[in-house]
file run_3.pdb (PDB, C-alpha atoms)
ATOM      1  CA  MET A   1       1.108   0.575  13.240
ATOM      2  CA  ARG A   2       1.179  -1.957  16.029
ATOM      3  CA  LEU A   3       3.912  -4.121  14.479
ATOM      4  CA  ALA A   4       7.187  -2.539  15.551
ATOM      5  CA  ALA A   5       9.111  -3.874  12.534
ATOM      6  CA  TYR A   6       6.789  -1.971  10.191
ATOM      7  CA  LYS A   7       6.535   1.398  11.921
ATOM      8  CA  LEU A   8       7.411   4.288   9.632
ATOM      9  CA  PRO A   9       9.674   7.119  10.745
ATOM     10  CA  ARG A  10       8.157  10.536  11.363
ATOM     11  CA  VAL A  11      10.782  12.219   9.164
ATOM     12  CA  THR A  12      12.518  11.014   6.015
ATOM     13  CA  VAL A  13      14.326  12.327   2.946
ATOM     14  CA  ASP A  14      13.207  13.042  -0.599
ATOM     15  CA  GLY A  15      13.729  10.360  -3.234
ATOM     16  CA  ASP A  16      12.762   6.723  -3.618
ATOM     17  CA  VAL A  17      12.959   5.458  -0.047
ATOM     18  CA  THR A  18      12.666   1.815   1.028
ATOM     19  CA  PHE A  19      11.368   1.619   4.588
ATOM     20  CA  VAL A  20      10.950  -2.156   4.837
ATOM     21  CA  ASP A  21      12.380  -5.039   2.817
ATOM     22  CA  ASP A  22      12.253  -8.205   4.894
ATOM     23  CA  GLY A  23      11.388 -10.867   2.319
ATOM     24  CA  LEU A  24       7.683 -10.779   3.215
ATOM     25  CA  ILE A  25       6.994  -7.081   2.650
ATOM     26  CA  LYS A  26       8.816  -4.392   0.720
ATOM     27  CA  LEU A  27       7.434  -0.914   1.345
ATOM     28  CA  THR A  28       8.773   2.029  -0.629
ATOM     29  CA  MET A  29       7.726   5.632  -1.069
ATOM     30  CA  GLN A  30       8.515   8.144  -3.750
ATOM     31  CA  ILE A  31       8.913  11.497  -1.988
ATOM     32  CA  ALA A  32       9.494  14.956  -3.454
ATOM     33  CA  ASP A  33       9.551  18.289  -1.630
ATOM     34  CA  SER A  34       8.655  16.435   1.586
ATOM     35  CA  ARG A  35       5.432  15.060   0.018
ATOM     36  CA  VAL A  36       4.686  11.426  -0.673
ATOM     37  CA  LEU A  37       3.909  10.959  -4.368
ATOM     38  CA  LYS A  38       3.565   7.191  -4.430
ATOM     39  CA  ILE A  39       3.523   4.318  -1.944
ATOM     40  CA  THR A  40       4.329   0.819  -3.178
ATOM     41  CA  ILE A  41       3.911  -2.345  -1.135
ATOM     42  CA  VAL A  42       5.036  -5.717  -2.472
ATOM     43  CA  THR A  43       4.306  -8.903  -0.535
ATOM     44  CA  THR A  44       5.156 -12.526  -1.189
ATOM     45  CA  ASN A  45       2.191 -13.578   0.966
ATOM     46  CA  PRO A  46      -0.864 -11.363   0.478
ATOM     47  CA  HIS A  47      -2.836 -13.382   3.040
ATOM     48  CA  SER A  48      -0.296 -12.966   5.851
ATOM     49  CA  SER A  49      -1.321 -11.222   9.039
ATOM     50  CA  ALA A  50       1.651  -8.863   8.778
ATOM     51  CA  TYR A  51       0.696  -7.694   5.278
ATOM     52  CA  MET A  52      -2.935  -7.262   6.300
ATOM     53  CA  GLN A  53      -1.968  -5.105   9.272
ATOM     54  CA  VAL A  54       0.499  -2.992   7.292
ATOM     55  CA  PHE A  55      -1.934  -2.256   4.480
ATOM     56  CA  GLU A  56      -4.862  -1.696   6.829
ATOM     57  CA  GLY A  57      -2.978   1.271   8.227
ATOM     58  CA  PHE A  58      -3.164   2.915   4.811
ATOM     59  CA  GLU A  59      -6.753   1.770   4.169
ATOM     60  CA  PHE A  60      -8.014   3.232   7.418
ATOM     61  CA  GLY A  61      -5.862   6.335   7.017
ATOM     62  CA  PHE A  62      -7.467   7.094   3.657
ATOM     63  CA  ASN A  63     -10.911   5.874   4.798
ATOM     64  CA  ALA A  64     -10.923   3.456   1.861
ATOM     65  CA  VAL A  65     -11.575   0.114   3.536
ATOM     66  CA  SER A  66     -14.637  -1.126   1.649
ATOM     67  CA  THR A  67     -13.398  -0.163  -1.825
ATOM     68  CA  TRP A  68      -9.826  -1.310  -1.453
ATOM     69  CA  ILE A  69     -10.768  -4.606   0.238
ATOM     70  CA  GLN A  70     -12.931  -5.405  -2.780
ATOM     71  CA  ASN A  71     -10.004  -4.603  -5.113
ATOM     72  CA  TYR A  72      -7.649  -6.733  -3.002
ATOM     73  CA  GLU A  73     -10.041  -9.697  -3.134
ATOM     74  CA  GLU A  74     -10.475  -9.351  -6.894
ATOM     75  CA  SER A  75      -6.734  -9.202  -7.541
ATOM     76  CA  THR A  76      -5.695 -12.018  -5.208
ATOM     77  CA  SER A  77      -8.505 -14.380  -6.228
ATOM     78  CA  THR A  78      -7.937 -13.955  -9.982
ATOM     79  CA  HIS A  79      -4.141 -13.458  -9.909
ATOM     80  CA  GLY A  80      -4.653 -10.327 -11.952
ATOM     81  CA  SER A  81      -5.081  -6.606 -11.581
ATOM     82  CA  ALA A  82      -7.726  -4.457  -9.948
ATOM     83  CA  ARG A  83      -7.979  -0.742  -9.240
ATOM     84  CA  GLY A  84     -10.009   1.494  -6.997
ATOM     85  CA  THR A  85      -9.996   5.216  -6.331
ATOM     86  CA  VAL A  86     -11.099   6.755  -3.050
ATOM     87  CA  LYS A  87     -10.824  10.467  -2.243
ATOM     88  CA  GLY A  88      -8.429  10.982  -5.143
ATOM     89  CA  MET A  89      -6.144   8.094  -4.124
ATOM     90  CA  LEU A  90      -5.748   5.281  -6.660
ATOM     91  CA  ALA A  91      -4.941   1.834  -5.289
ATOM     92  CA  ASP A  92      -3.572  -0.287  -8.130
ATOM     93  CA  TYR A  93      -3.315  -4.011  -7.272
ATOM     94  CA  ASN A  94      -1.572  -6.721  -9.258
ATOM     95  CA  THR A  95      -1.172 -10.328  -8.114
ATOM     96  CA  THR A  96       1.072 -12.617 -10.147
ATOM     97  CA  ALA A  97       0.560 -16.327 -10.779
ATOM     98  CA  ASP A  98       3.250 -16.868  -8.098
ATOM     99  CA  ASN A  99       0.971 -15.065  -5.609
ATOM    100  CA  VAL A 100       3.163 -11.960  -5.292
ATOM    101  CA  LEU A 101       0.983  -8.894  -4.721
ATOM    102  CA  THR A 102       2.072  -5.373  -5.622
ATOM    103  CA  VAL A 103      -0.082  -2.451  -4.522
ATOM    104  CA  SER A 104       0.679   1.122  -5.531
ATOM    105  CA  LEU A 105      -1.093   4.096  -3.960
ATOM    106  CA  THR A 106      -0.961   7.293  -6.018
ATOM    107  CA  ARG A 107      -2.843  10.587  -5.810
ATOM    108  CA  VAL A 108      -4.766  10.979  -9.077
ATOM    109  CA  SER A 109      -6.961  13.978  -8.257
ATOM    110  CA  GLY A 110      -7.349  16.688  -5.699
ATOM    111  CA  ASN A 111      -4.631  18.070  -3.501
ATOM    112  CA  ALA A 112      -2.922  16.577  -0.507
ATOM    113  CA  PRO A 113      -3.579  18.473   2.718
ATOM    114  CA  ALA A 114      -0.888  21.042   3.492
TER
END
call {"tool": "encode", "arguments": {"input": "run_3.pdb", "output": "structure tokens"}}
result
Amino acid sequence: MRLAAYKLPRVTVDGDVTFVDDGLIKLTMQIADSRVLKITIVTTNPHSSAYMQVFEGFEFGFNAVSTWIQNYEESTSTHGSARGTVKGMLADYNTTADNVLTVSLTRVSGNAPA
């Protein structure tokens, strides 16, 4: 991540951990036994450069760019929900009428690398 304010630590604790909550982006992870179970990103401006850069890190990391960009566009343009699964990772998007976007990333199949 090139934006210093949004860099994640290399080590964290188990539980529901909030890494960022700055009014524009809230990024939380549900972690158990040192494994990430769920990543949730909420943004009040889904078209902001900061949000785009933060989420792109996950998109590129999971090699899910084309699928998840399509889901993002569908959700933000309709102010509704959209979902896409890539390599066992479900991206669940929901944009409210107030233009607040929530994206949850959850493993739905397969196993995370050890």
call {"tool": "residues_around", "arguments": {"input": "run_3.pdb", "residues": "range 30-41 of chain A", "least_positions_apart": "3", "cutoff": "7 Å", "atoms": "only C-alpha atoms", "output": "MDAnalysis selection string"}}
result
chainID A and resid 14:17 25:27 102:107
call {"tool": "axis_aligned_box", "arguments": {"input": "run_3.pdb", "around": "range 14-25 of chain A", "padding_each_side": "4 Å", "output": "AutoDock Vina command-line options"}}
result
--center_x 10.4 --center_y 1.1 --center_z 0.6 --size_x 14.7 --size_y 31.9 --size_z 16.5
call {"tool": "closest_atom_pairs", "arguments": {"input": "run_3.pdb", "of": "range 4-32 of chain A", "to": "range 52-68 of chain A", "cutoff": "12 Å", "atoms": "all atoms listed in the file", "output": "JSON lines"}}
result
{"residue": "A:Ala4", "atom": "CA", "partner": "A:Val54", "partner_atom": "CA", "distance": 10.6}
{"residue": "A:Ala5", "atom": "CA", "partner": "A:Val54", "partner_atom": "CA", "distance": 10.1}
{"residue": "A:Tyr6", "atom": "CA", "partner": "A:Val54", "partner_atom": "CA", "distance": 7.0}
{"residue": "A:Lys7", "atom": "CA", "partner": "A:Val54", "partner_atom": "CA", "distance": 8.8}
{"residue": "A:Leu8", "atom": "CA", "partner": "A:Val54", "partner_atom": "CA", "distance": 10.3}
{"residue": "A:Val20", "atom": "CA", "partner": "A:Val54", "partner_atom": "CA", "distance": 10.8}
{"residue": "A:Leu24", "atom": "CA", "partner": "A:Val54", "partner_atom": "CA", "distance": 11.4}
{"residue": "A:Ile25", "atom": "CA", "partner": "A:Val54", "partner_atom": "CA", "distance": 9.0}
{"residue": "A:Lys26", "atom": "CA", "partner": "A:Val54", "partner_atom": "CA", "distance": 10.7}
{"residue": "A:Leu27", "atom": "CA", "partner": "A:Val54", "partner_atom": "CA", "distance": 9.4}
call {"tool": "closest_residue", "arguments": {"input": "run_3.pdb", "among": "A:Thr28, A:Gln70, A:Ser48, A:Thr18", "to": "Val100 in chain A", "atoms": "all atoms listed in the file"}}
result
A:Ser48
call {"tool": "closest_residue", "arguments": {"input": "run_3.pdb", "among": "A:Asp22, A:Thr78, A:Arg2, A:Val108", "to": "Asn94 in chain A", "atoms": "all atoms listed in the file"}}
result
A:Thr78
call {"tool": "closest_residue", "arguments": {"input": "run_3.pdb", "among": "A:Thr43, A:Thr12, A:Ser77, A:Asn71", "to": "Leu101 in chain A", "atoms": "only C-alpha atoms"}}
result
A:Thr43
call {"tool": "closest_residue", "arguments": {"input": "run_3.pdb", "among": "A:Gly23, A:Leu3, A:Val42, A:Ser109", "to": "Lys87 in chain A", "atoms": "all atoms listed in the file"}}
result
A:Ser109
call {"tool": "atom_distance", "arguments": {"input": "run_3.pdb", "atom1": "CA of Asn99 in chain A", "atom2": "CA of Pro9 in chain A"}}
result
28.9 Å
call {"tool": "atom_distance", "arguments": {"input": "run_3.pdb", "atom1": "CA of Ala97 in chain A", "atom2": "CA of Ser81 in chain A"}}
result
11.3 Å
call {"tool": "atom_distance", "arguments": {"input": "run_3.pdb", "atom1": "CA of Thr96 in chain A", "atom2": "CA of Ala82 in chain A"}}
result
12.0 Å
call {"tool": "closest_residue", "arguments": {"input": "run_3.pdb", "among": "A:Tyr72, A:Phe19, A:Val86, A:Arg10", "to": "His47 in chain A", "atoms": "only C-alpha atoms"}}
result
A:Tyr72
